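K.L.:
PDB, C-alpha atoms, pLDDT in the B column, saved as protein_9.pdb, coming up:
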```pdb
ATOM      1  CA  MET A  50       9.884   0.403  23.561  1.00 76.00           C
ATOM      2  CA  SER A  51      10.511  -0.385  19.891  1.00 90.00           C
ATOM      3  CA  ILE A  52       7.673   0.564  17.555  1.00 95.00           C
ATOM      4  CA  LEU A  53       9.548  -0.755  14.487  1.00 96.00           C
ATOM      5  CA  GLU A  54      11.984  -3.647  14.156  1.00 96.00           C
ATOM      6  CA  ALA A  55      13.808  -4.790  11.037  1.00 96.00           C
ATOM      7  CA  ILE A  56      15.437  -8.187  11.556  1.00 96.00           C
ATOM      8  CA  ASN A  57      17.894  -9.748   9.074  1.00 95.00           C
ATOM      9  CA  ILE A  58      16.252  -8.080   6.070  1.00 96.00           C
ATOM     10  CA  GLN A  59      17.547  -9.266   2.718  1.00 95.00           C
ATOM     11  CA  LYS A  60      16.152  -8.344  -0.684  1.00 94.00           C
ATOM     12  CA  ILE A  61      17.288 -10.043  -3.871  1.00 93.00           C
ATOM     13  CA  TYR A  62      15.991  -9.063  -7.300  1.00 88.00           C
ATOM     14  CA  LYS A  63      16.230 -11.512 -10.174  1.00 83.00           C
ATOM     15  CA  THR A  64      16.776 -10.387 -13.733  1.00 76.00           C
ATOM     16  CA  LYS A  65      14.607 -11.678 -16.554  1.00 71.00           C
ATOM     17  CA  MET A  66      14.750 -15.443 -16.894  1.00 67.00           C
ATOM     18  CA  GLY A  67      16.448 -15.546 -13.471  1.00 66.00           C
ATOM     19  CA  ALA A  68      19.902 -15.559 -15.036  1.00 70.00           C
ATOM     20  CA  ASN A  69      21.358 -13.012 -12.608  1.00 80.00           C
ATOM     21  CA  GLN A  70      20.563 -11.805  -9.113  1.00 85.00           C
ATOM     22  CA  VAL A  71      21.051  -8.381  -7.545  1.00 86.00           C
ATOM     23  CA  GLU A  72      21.201  -8.119  -3.776  1.00 89.00           C
ATOM     24  CA  ALA A  73      19.634  -4.745  -2.902  1.00 91.00           C
ATOM     25  CA  LEU A  74      19.610  -5.329   0.867  1.00 93.00           C
ATOM     26  CA  SER A  75      21.854  -7.618   2.870  1.00 91.00           C
ATOM     27  CA  ASN A  76      21.177  -8.446   6.517  1.00 90.00           C
ATOM     28  CA  ILE A  77      19.617  -5.133   7.575  1.00 94.00           C
ATOM     29  CA  ASN A  78      19.036  -4.909  11.326  1.00 95.00           C
ATOM     30  CA  PHE A  79      17.777  -1.914  13.289  1.00 95.00           C
ATOM     31  CA  SER A  80      14.917  -0.775  15.484  1.00 96.00           C
ATOM     32  CA  VAL A  81      13.109   2.512  16.035  1.00 96.00           C
ATOM     33  CA  GLU A  82      11.830   3.493  19.459  1.00 96.00           C
ATOM     34  CA  THR A  83       8.390   4.978  20.012  1.00 96.00           C
ATOM     35  CA  GLY A  84       8.627   8.761  19.597  1.00 96.00           C
ATOM     36  CA  GLU A  85      12.040   8.642  17.908  1.00 97.00           C
ATOM     37  CA  TYR A  86      12.995  10.716  14.844  1.00 97.00           C
ATOM     38  CA  VAL A  87      15.331   8.705  12.608  1.00 97.00           C
ATOM     39  CA  ALA A  88      16.892   9.673   9.277  1.00 97.00           C
ATOM     40  CA  ILE A  89      18.329   7.178   6.781  1.00 96.00           C
ATOM     41  CA  MET A  90      21.097   8.284   4.427  1.00 94.00           C
ATOM     42  CA  GLY A  91      23.278   6.674   1.783  1.00 87.00           C
ATOM     43  CA  GLU A  92      24.452   6.977  -1.795  1.00 83.00           C
ATOM     44  CA  SER A  93      22.106   6.385  -4.714  1.00 81.00           C
ATOM     45  CA  GLY A  94      21.779   2.641  -5.168  1.00 79.00           C
ATOM     46  CA  SER A  95      22.634   1.893  -1.535  1.00 84.00           C
ATOM     47  CA  GLY A  96      19.228   0.325  -0.865  1.00 86.00           C
ATOM     48  CA  LYS A  97      17.411   3.210   0.864  1.00 90.00           C
ATOM     49  CA  THR A  98      14.380   3.205  -1.423  1.00 87.00           C
ATOM     50  CA  THR A  99      14.113  -0.583  -1.365  1.00 91.00           C
ATOM     51  CA  LEU A 100      14.189  -0.534   2.424  1.00 93.00           C
ATOM     52  CA  LEU A 101      11.568   2.218   2.603  1.00 92.00           C
ATOM     53  CA  ASN A 102       9.254   0.269   0.294  1.00 91.00           C
ATOM     54  CA  ILE A 103       9.582  -2.788   2.533  1.00 94.00           C
ATOM     55  CA  LEU A 104       8.937  -0.727   5.674  1.00 94.00           C
ATOM     56  CA  ALA A 105       5.877   0.746   3.955  1.00 91.00           C
ATOM     57  CA  ALA A 106       4.541  -2.761   3.212  1.00 90.00           C
ATOM     58  CA  LEU A 107       4.731  -1.925  -0.504  1.00 89.00           C
ATOM     59  CA  ASP A 108       7.295  -4.672  -1.100  1.00 91.00           C
ATOM     60  CA  THR A 109       8.277  -7.846   0.716  1.00 92.00           C
ATOM     61  CA  PRO A 110      11.783  -8.927   1.726  1.00 94.00           C
ATOM     62  CA  THR A 111      13.361 -12.065   0.302  1.00 94.00           C
ATOM     63  CA  SER A 112      14.112 -13.049   3.895  1.00 95.00           C
ATOM     64  CA  GLY A 113      13.893 -11.502   7.337  1.00 95.00           C
ATOM     65  CA  GLU A 114      11.008  -9.872   9.161  1.00 95.00           C
ATOM     66  CA  ILE A 115       9.560  -6.439   9.835  1.00 95.00           C
ATOM     67  CA  TYR A 116       7.558  -5.820  13.017  1.00 95.00           C
ATOM     68  CA  LEU A 117       5.395  -2.758  13.601  1.00 94.00           C
ATOM     69  CA  ASP A 118       4.228  -2.428  17.194  1.00 92.00           C
ATOM     70  CA  GLY A 119       4.914  -6.135  17.649  1.00 91.00           C
ATOM     71  CA  LYS A 120       2.958  -7.271  14.560  1.00 91.00           C
ATOM     72  CA  SER A 121       4.884  -9.077  11.843  1.00 92.00           C
ATOM     73  CA  PHE A 122       4.329  -7.860   8.288  1.00 92.00           C
ATOM     74  CA  GLU A 123       4.617 -11.489   7.263  1.00 89.00           C
ATOM     75  CA  ASN A 124       1.207 -12.161   8.813  1.00 88.00           C
ATOM     76  CA  ILE A 125      -0.553  -9.457   6.805  1.00 87.00           C
ATOM     77  CA  LYS A 126      -2.460 -10.924   3.861  1.00 86.00           C
ATOM     78  CA  SER A 127      -2.043  -9.217   0.489  1.00 83.00           C
ATOM     79  CA  LYS A 128      -5.675  -8.073   0.396  1.00 84.00           C
ATOM     80  CA  GLU A 129      -5.294  -6.494   3.851  1.00 87.00           C
ATOM     81  CA  ARG A 130      -2.135  -4.505   3.149  1.00 87.00           C
ATOM     82  CA  ALA A 131      -3.847  -1.322   1.911  1.00 86.00           C
ATOM     83  CA  THR A 132      -5.999  -1.190   5.033  1.00 87.00           C
ATOM     84  CA  PHE A 133      -2.972  -1.934   7.220  1.00 90.00           C
ATOM     85  CA  ARG A 134      -1.030   0.937   5.656  1.00 90.00           C
ATOM     86  CA  ARG A 135      -3.938   3.347   6.044  1.00 87.00           C
ATOM     87  CA  ASN A 136      -4.484   2.415   9.686  1.00 89.00           C
ATOM     88  CA  ASN A 137      -0.858   2.335  10.803  1.00 93.00           C
ATOM     89  CA  LEU A 138       1.399   4.314   8.479  1.00 94.00           C
ATOM     90  CA  GLY A 139       1.575   7.905   7.269  1.00 94.00           C
ATOM     91  CA  PHE A 140       3.450   8.831   4.080  1.00 93.00           C
ATOM     92  CA  VAL A 141       5.122  12.043   2.923  1.00 93.00           C
ATOM     93  CA  PHE A 142       6.679  11.941  -0.541  1.00 87.00           C
ATOM     94  CA  GLN A 143       9.021  14.248  -2.441  1.00 86.00           C
ATOM     95  CA  ASP A 144       6.425  14.953  -5.142  1.00 88.00           C
ATOM     96  CA  PHE A 145       3.540  15.505  -2.686  1.00 91.00           C
ATOM     97  CA  ASN A 146       1.188  12.948  -4.343  1.00 91.00           C
ATOM     98  CA  LEU A 147      -1.820  15.259  -4.031  1.00 94.00           C
ATOM     99  CA  LEU A 148      -4.856  14.874  -6.281  1.00 95.00           C
ATOM    100  CA  ASP A 149      -5.162  18.009  -8.435  1.00 94.00           C
ATOM    101  CA  ASN A 150      -8.948  17.754  -8.759  1.00 96.00           C
ATOM    102  CA  PHE A 151      -9.345  17.660  -4.953  1.00 97.00           C
ATOM    103  CA  SER A 152      -9.048  20.714  -2.706  1.00 97.00           C
ATOM    104  CA  LEU A 153      -6.347  20.634  -0.036  1.00 97.00           C
ATOM    105  CA  GLU A 154      -9.075  19.846   2.499  1.00 96.00           C
ATOM    106  CA  ASP A 155     -10.328  16.884   0.472  1.00 96.00           C
ATOM    107  CA  ASN A 156      -6.777  15.624  -0.048  1.00 96.00           C
ATOM    108  CA  ILE A 157      -6.067  15.788   3.674  1.00 96.00           C
ATOM    109  CA  LEU A 158      -9.332  14.092   4.626  1.00 96.00           C
ATOM    110  CA  LEU A 159      -9.053  11.299   2.036  1.00 94.00           C
ATOM    111  CA  PRO A 160      -7.583   8.675   4.436  1.00 92.00           C
ATOM    112  CA  LEU A 161     -10.401   9.334   6.913  1.00 93.00           C
ATOM    113  CA  VAL A 162     -13.021   9.125   4.164  1.00 93.00           C
ATOM    114  CA  LEU A 163     -11.607   5.769   3.074  1.00 89.00           C
ATOM    115  CA  ALA A 164     -11.684   4.624   6.706  1.00 87.00           C
ATOM    116  CA  GLY A 165     -15.381   5.527   6.949  1.00 88.00           C
ATOM    117  CA  ASN A 166     -15.080   8.324   9.525  1.00 89.00           C
ATOM    118  CA  HIS A 167     -18.042  10.650  10.090  1.00 91.00           C
ATOM    119  CA  TYR A 168     -17.781  14.192   8.732  1.00 87.00           C
ATOM    120  CA  SER A 169     -17.923  15.785  12.193  1.00 87.00           C
ATOM    121  CA  GLN A 170     -15.051  13.591  13.380  1.00 87.00           C
ATOM    122  CA  MET A 171     -13.011  14.511  10.325  1.00 92.00           C
ATOM    123  CA  GLN A 172     -13.516  18.237  10.890  1.00 90.00           C
ATOM    124  CA  GLU A 173     -12.486  17.915  14.541  1.00 91.00           C
ATOM    125  CA  LYS A 174      -9.185  16.396  13.438  1.00 92.00           C
ATOM    126  CA  LEU A 175      -8.634  18.632  10.416  1.00 95.00           C
ATOM    127  CA  LEU A 176      -8.697  22.141  11.865  1.00 92.00           C
ATOM    128  CA  PRO A 177      -6.089  21.723  14.647  1.00 93.00           C
ATOM    129  CA  ILE A 178      -3.661  19.995  12.275  1.00 94.00           C
ATOM    130  CA  ALA A 179      -4.180  22.512   9.456  1.00 95.00           C
ATOM    131  CA  SER A 180      -3.701  25.391  11.900  1.00 94.00           C
ATOM    132  CA  SER A 181      -0.507  23.935  13.352  1.00 92.00           C
ATOM    133  CA  LEU A 182       0.914  23.568   9.823  1.00 93.00           C
ATOM    134  CA  GLY A 183      -0.152  27.069   8.771  1.00 92.00           C
ATOM    135  CA  ILE A 184      -2.559  26.053   6.010  1.00 95.00           C
ATOM    136  CA  ALA A 185      -5.958  26.575   7.685  1.00 95.00           C
ATOM    137  CA  ASP A 186      -6.736  29.464   5.309  1.00 96.00           C
ATOM    138  CA  LEU A 187      -5.790  27.406   2.239  1.00 96.00           C
ATOM    139  CA  LEU A 188      -8.064  24.389   2.708  1.00 97.00           C
ATOM    140  CA  LYS A 189     -10.501  25.338  -0.079  1.00 97.00           C
ATOM    141  CA  LYS A 190      -7.709  25.912  -2.576  1.00 97.00           C
ATOM    142  CA  TYR A 191      -6.479  23.297  -5.055  1.00 97.00           C
ATOM    143  CA  PRO A 192      -2.884  22.033  -5.279  1.00 96.00           C
ATOM    144  CA  TYR A 193      -2.191  24.025  -8.453  1.00 95.00           C
ATOM    145  CA  GLU A 194      -3.157  27.225  -6.610  1.00 97.00           C
ATOM    146  CA  VAL A 195      -0.563  26.965  -3.817  1.00 95.00           C
ATOM    147  CA  SER A 196       3.216  26.840  -3.487  1.00 94.00           C
ATOM    148  CA  GLY A 197       5.376  23.733  -3.205  1.00 93.00           C
ATOM    149  CA  GLY A 198       5.893  24.301   0.500  1.00 93.00           C
ATOM    150  CA  GLN A 199       2.156  24.641   1.070  1.00 95.00           C
ATOM    151  CA  LYS A 200       1.492  21.489  -0.939  1.00 94.00           C
ATOM    152  CA  GLN A 201       4.018  19.578   1.146  1.00 93.00           C
ATOM    153  CA  ARG A 202       2.447  20.828   4.375  1.00 94.00           C
ATOM    154  CA  ALA A 203      -0.919  19.584   3.093  1.00 95.00           C
ATOM    155  CA  ALA A 204       0.734  16.232   2.374  1.00 95.00           C
ATOM    156  CA  VAL A 205       2.072  16.169   5.939  1.00 95.00           C
ATOM    157  CA  ALA A 206      -1.405  16.952   7.275  1.00 95.00           C
ATOM    158  CA  ARG A 207      -2.825  14.063   5.243  1.00 95.00           C
ATOM    159  CA  ALA A 208      -0.107  11.767   6.577  1.00 95.00           C
ATOM    160  CA  ILE A 209      -0.670  12.516  10.253  1.00 95.00           C
ATOM    161  CA  ILE A 210      -4.452  12.992  10.366  1.00 95.00           C
ATOM    162  CA  THR A 211      -4.939   9.267  11.002  1.00 92.00           C
ATOM    163  CA  SER A 212      -2.544   9.417  13.989  1.00 92.00           C
ATOM    164  CA  PRO A 213      -0.254   6.797  12.426  1.00 94.00           C
ATOM    165  CA  LYS A 214       2.059   4.648  14.501  1.00 95.00           C
ATOM    166  CA  LEU A 215       4.877   5.558  12.107  1.00 96.00           C
ATOM    167  CA  LEU A 216       5.348   8.498   9.749  1.00 96.00           C
ATOM    168  CA  LEU A 217       7.491   7.608   6.719  1.00 96.00           C
ATOM    169  CA  ALA A 218       9.013  10.468   4.740  1.00 95.00           C
ATOM    170  CA  ASP A 219      10.795   9.961   1.415  1.00 93.00           C
ATOM    171  CA  GLU A 220      12.975  12.977   0.522  1.00 91.00           C
ATOM    172  CA  PRO A 221      10.291  15.339   1.906  1.00 92.00           C
ATOM    173  CA  THR A 222      12.322  18.488   1.160  1.00 91.00           C
ATOM    174  CA  GLY A 223      13.585  17.354  -2.253  1.00 88.00           C
ATOM    175  CA  ALA A 224      11.175  19.520  -4.263  1.00 86.00           C
ATOM    176  CA  LEU A 225      11.290  22.571  -1.958  1.00 90.00           C
ATOM    177  CA  ASP A 226      13.415  25.705  -1.869  1.00 90.00           C
ATOM    178  CA  SER A 227      15.604  26.387   1.173  1.00 91.00           C
ATOM    179  CA  LYS A 228      13.046  28.581   2.962  1.00 91.00           C
ATOM    180  CA  ALA A 229      10.187  26.095   2.523  1.00 90.00           C
ATOM    181  CA  SER A 230      12.509  23.224   3.486  1.00 92.00           C
ATOM    182  CA  ALA A 231      13.522  24.915   6.731  1.00 92.00           C
ATOM    183  CA  LYS A 232       9.902  25.602   7.639  1.00 92.00           C
ATOM    184  CA  LEU A 233       8.858  22.023   6.906  1.00 92.00           C
ATOM    185  CA  LEU A 234      11.744  20.558   8.914  1.00 93.00           C
ATOM    186  CA  ASN A 235      10.883  22.754  11.889  1.00 93.00           C
ATOM    187  CA  GLN A 236       7.305  21.487  11.657  1.00 92.00           C
ATOM    188  CA  PHE A 237       8.555  17.900  11.533  1.00 94.00           C
ATOM    189  CA  GLU A 238      10.409  18.579  14.765  1.00 93.00           C
ATOM    190  CA  GLU A 239       7.250  19.948  16.370  1.00 93.00           C
ATOM    191  CA  ILE A 240       5.252  16.918  15.215  1.00 94.00           C
ATOM    192  CA  ASN A 241       7.936  14.661  16.695  1.00 95.00           C
ATOM    193  CA  LYS A 242       7.875  16.558  20.001  1.00 94.00           C
ATOM    194  CA  GLN A 243       4.147  15.808  20.187  1.00 93.00           C
ATOM    195  CA  GLY A 244       5.017  12.103  20.187  1.00 94.00           C
ATOM    196  CA  GLN A 245       4.916  11.167  16.494  1.00 96.00           C
ATOM    197  CA  THR A 246       7.543   8.583  15.472  1.00 97.00           C
ATOM    198  CA  ILE A 247       9.248   9.613  12.214  1.00 97.00           C
ATOM    199  CA  LEU A 248      11.479   7.694   9.809  1.00 97.00           C
ATOM    200  CA  MET A 249      12.860   9.852   6.994  1.00 96.00           C
ATOM    201  CA  VAL A 250      14.951   8.895   3.961  1.00 95.00           C
ATOM    202  CA  THR A 251      16.938  11.864   2.702  1.00 93.00           C
ATOM    203  CA  HIS A 252      20.030  12.962   0.768  1.00 91.00           C
ATOM    204  CA  SER A 253      19.965  16.297   2.586  1.00 93.00           C
ATOM    205  CA  VAL A 254      22.449  16.739   5.424  1.00 94.00           C
ATOM    206  CA  GLN A 255      20.428  19.765   6.525  1.00 94.00           C
ATOM    207  CA  ALA A 256      17.281  17.627   6.802  1.00 95.00           C
ATOM    208  CA  ALA A 257      19.046  14.769   8.581  1.00 96.00           C
ATOM    209  CA  ALA A 258      20.515  17.196  11.136  1.00 96.00           C
ATOM    210  CA  HIS A 259      17.005  17.649  12.542  1.00 96.00           C
ATOM    211  CA  ALA A 260      16.729  13.947  13.414  1.00 96.00           C
ATOM    212  CA  SER A 261      17.700  12.430  16.752  1.00 96.00           C
ATOM    213  CA  ARG A 262      19.542   9.565  15.043  1.00 97.00           C
ATOM    214  CA  VAL A 263      20.940   8.968  11.561  1.00 97.00           C
ATOM    215  CA  LEU A 264      21.464   5.536  10.002  1.00 96.00           C
ATOM    216  CA  PHE A 265      23.872   5.241   7.068  1.00 94.00           C
ATOM    217  CA  ILE A 266      23.327   2.486   4.511  1.00 92.00           C
ATOM    218  CA  LYS A 267      26.079   1.253   2.217  1.00 88.00           C
ATOM    219  CA  ASP A 268      25.983  -1.743  -0.119  1.00 86.00           C
ATOM    220  CA  GLY A 269      22.619  -2.812   1.290  1.00 88.00           C
ATOM    221  CA  MET A 270      23.736  -2.843   4.933  1.00 90.00           C
ATOM    222  CA  VAL A 271      23.526  -0.506   7.917  1.00 92.00           C
ATOM    223  CA  TYR A 272      27.104   0.761   7.838  1.00 88.00           C
ATOM    224  CA  HIS A 273      27.114   3.338  10.622  1.00 91.00           C
ATOM    225  CA  GLN A 274      24.847   5.379  12.894  1.00 95.00           C
ATOM    226  CA  ILE A 275      25.148   8.555  14.916  1.00 95.00           C
ATOM    227  CA  TYR A 276      23.029  10.024  17.687  1.00 95.00           C
ATOM    228  CA  LYS A 277      22.262  13.695  18.107  1.00 94.00           C
ATOM    229  CA  GLY A 278      22.176  13.575  21.900  1.00 93.00           C
ATOM    230  CA  ASN A 279      22.792  17.075  23.225  1.00 94.00           C
ATOM    231  CA  SER A 280      24.425  18.275  20.015  1.00 94.00           C
ATOM    232  CA  THR A 281      23.177  21.410  18.302  1.00 93.00           C
ATOM    233  CA  LYS A 282      21.930  21.224  14.711  1.00 93.00           C
ATOM    234  CA  ASP A 283      25.225  22.709  13.530  1.00 94.00           C
ATOM    235  CA  GLU A 284      27.193  20.086  15.464  1.00 95.00           C
ATOM    236  CA  MET A 285      24.932  17.326  14.130  1.00 96.00           C
ATOM    237  CA  PHE A 286      25.392  18.725  10.606  1.00 95.00           C
ATOM    238  CA  LYS A 287      29.171  18.391  10.997  1.00 95.00           C
ATOM    239  CA  LYS A 288      28.869  14.848  12.409  1.00 94.00           C
ATOM    240  CA  ILE A 289      26.780  13.789   9.425  1.00 95.00           C
ATOM    241  CA  ASN A 290      29.148  15.395   6.924  1.00 94.00           C
ATOM    242  CA  ASP A 291      32.107  13.655   8.544  1.00 92.00           C
ATOM    243  CA  ALA A 292      30.282  10.309   8.462  1.00 89.00           C
ATOM    244  CA  LEU A 293      29.365  10.738   4.795  1.00 88.00           C
ATOM    245  CA  THR A 294      32.964  11.617   3.935  1.00 86.00           C
ATOM    246  CA  SER A 295      34.111   8.457   5.701  1.00 81.00           C
ATOM    247  CA  LEU A 296      31.446   6.396   3.932  1.00 75.00           C
ATOM    248  CA  LEU A 297      32.439   7.701   0.504  1.00 72.00           C
ATOM    249  CA  SER A 298      36.134   7.186   1.182  1.00 74.00           C
ATOM    250  CA  GLY A 299      35.591   3.659   2.420  1.00 67.00           C
ATOM    251  CA  GLY A 300      36.514   4.394   6.039  1.00 58.00           C
ATOM    252  CA  ASP A 301      34.867   2.676   8.983  1.00 52.00           C
ATOM    253  CA  ASP A 302      34.825   4.947  12.027  1.00 47.00           C
ATOM    254  CA  ASN A 303      31.872   4.232  14.270  1.00 46.00           C
ATOM    255  CA  GLU A 304      30.675   6.131  17.302  1.00 48.00           C
TER
END
```
Output the file's structure in the form of structure tokens.
P.N.:
Amino acid sequence: MSILEAINIQKIYKTKMGANQVEALSNINFSVETGEYVAIMGESGSGKTTLLNILAALDTPTSGEIYLDGKSFENIKSKERATFRRNNLGFVFQDFNLLDNFSLEDNILLPLVLAGNHYSQMQEKLLPIASSLGIADLLKKYPYEVSGGQKQRAAVARAIITSPKLLLADEPTGALDSKASAKLLNQFEEINKQGQTILMVTHSVQAAAHASRVLFIKDGMVYHQIYKGNSTKDEMFKKINDALTSLLSGGDDNE
């Protein structure tokens, strides 16, 4: 069953005075199944960030519709969007987006505090998640006291503590070294195995190789996609590299 559907998504930006128009997205169509782990790749300027902002209900398409668990974003009133995002979506960003004057624990619990959860309920959710991500002993520390990898794991904990229908990740390994990146990606896989649907935008072939499917965007359109199937990570890595080479050279080999 599809948890996310993007149907005929187009996004046009107008320059000042409306003299010129830039089409960032053109007829984007795809769906994500419940429990799937999907990566989106493409060159800078291909429309990845614009698409992610629309999927996150941070921007609206010029035309087309987004459905999350059968509910159209079009029916969400502007004043309800923040609550909708908090209740349905989890976010992991490249730069962590943690509050420096909050401990890791307070950062992680913030969505539950905003939702009005009781303290005992929050603690019940916090400890298992923090333990699974290896940061249970860091909860009283502040972001400036821990490493980049630990900050990102706290950001992941914050993103999944509300049990979101969809976890959106924007270049989640972009600010991490190779060791921290590998650890985070392995944890993403474990989170996905537990049933969490993940949609990740990344430039990293290594990161995308962990996904079960990769969508390639070019000139504002879904240009190509590949499935991991029974492939190993190394085999998936090669498939992605080959697809990116084709994309950059202007080829059009689909599988």
K.L.:
To verify the selection step, state as a PyMOL selection string which residues the PyMOL selection byres ((chain A and resi 181) around 10) yields on this input.
P.N.:
chain A and resi 176-180+182-185+202+206+236+239-240
K.L.:
Evaluated on this file, the PyMOL selection byres ((chain A and resi 235) around 12) picks out some residues - which ones are they, written as a PyMOL selection string?
P.N.:
chain A and resi 181-182+202+222+228-234+236-242+255-260+282
K.L.:
For stretch 105-110 of chain A, work out the shell of residues within 10 Å, counting only C-alpha atoms and skipping chain neighbours fewer than 4 positions away, then give it as an mmCIF file with C-alpha atoms, keeping the file's coordinate frame.
P.N.:
```cif
data_model
loop_
_atom_site.group_PDB
_atom_site.id
_atom_site.type_symbol
_atom_site.label_atom_id
_atom_site.label_comp_id
_atom_site.auth_asym_id
_atom_site.auth_seq_id
_atom_site.Cartn_x
_atom_site.Cartn_y
_atom_site.Cartn_z
ATOM 1 C CA ASN A 57 17.894 -9.748 9.074
ATOM 2 C CA ILE A 58 16.252 -8.080 6.070
ATOM 3 C CA GLN A 59 17.547 -9.266 2.718
ATOM 4 C CA LYS A 60 16.152 -8.344 -0.684
ATOM 5 C CA ILE A 61 17.288 -10.043 -3.871
ATOM 6 C CA TYR A 62 15.991 -9.063 -7.300
ATOM 7 C CA LEU A 74 19.610 -5.329 0.867
ATOM 8 C CA THR A 99 14.113 -0.583 -1.365
ATOM 9 C CA LEU A 100 14.189 -0.534 2.424
ATOM 10 C CA LEU A 101 11.568 2.218 2.603
ATOM 11 C CA GLU A 114 11.008 -9.872 9.161
ATOM 12 C CA ILE A 115 9.560 -6.439 9.835
ATOM 13 C CA PHE A 122 4.329 -7.860 8.288
ATOM 14 C CA GLU A 123 4.617 -11.489 7.263
ATOM 15 C CA ILE A 125 -0.553 -9.457 6.805
ATOM 16 C CA SER A 127 -2.043 -9.217 0.489
ATOM 17 C CA ARG A 130 -2.135 -4.505 3.149
ATOM 18 C CA ALA A 131 -3.847 -1.322 1.911
ATOM 19 C CA PHE A 133 -2.972 -1.934 7.220
ATOM 20 C CA ARG A 134 -1.030 0.937 5.656
ATOM 21 C CA ASN A 137 -0.858 2.335 10.803
ATOM 22 C CA LEU A 138 1.399 4.314 8.479
ATOM 23 C CA GLY A 139 1.575 7.905 7.269
ATOM 24 C CA PHE A 140 3.450 8.831 4.080
ATOM 25 C CA LEU A 215 4.877 5.558 12.107
ATOM 26 C CA LEU A 216 5.348 8.498 9.749
ATOM 27 C CA LEU A 217 7.491 7.608 6.719
#
```
K.L.:
So how far away is atom CA of A:Glu85 from atom CA of A:Arg262, in Å?
P.N.:
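That distance, rounded to one decimal, is 8.1 Å.
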K.L.:
Just how far from atom CA of A:Pro213 is atom CA of A:Glu154, in Å to one decimal?
P.N.:
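A separation of 18.6 Å between them.
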K.L.:
Give me the box for stretch 58-63 of chain A as AutoDock Vina command-line options, namely the centre and edge lengths in Å to one decimal of a box along x, y and z that holds every listed atom plus 3 Å on each side.
P.N.:
```
--center_x 16.8 --center_y -9.8 --center_z -2.1 --size_x 7.6 --size_y 9.4 --size_z 22.2
```
K.L.:
Nearest to A:Thr246: which of A:Ala68, A:Ala88, A:Val271, A:Ile289 is it, counting only C-alpha atoms?
P.N.:
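Nearest to A:Thr246: A:Ala88.
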K.L.:
Atom CA of A:Ser51 to atom CA of A:Val87: how many Å, to one decimal?
P.N.:
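Interatomic distance here is 12.6 Å.
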K.L.:
Evaluate the PyMOL selection byres ((chain A and resi 83) around 10) on the structure here and hand back the selected residues as a ChimeraX atom specification.
P.N.:
/A:50-53,80-82,84-86,118,214-215,244-247
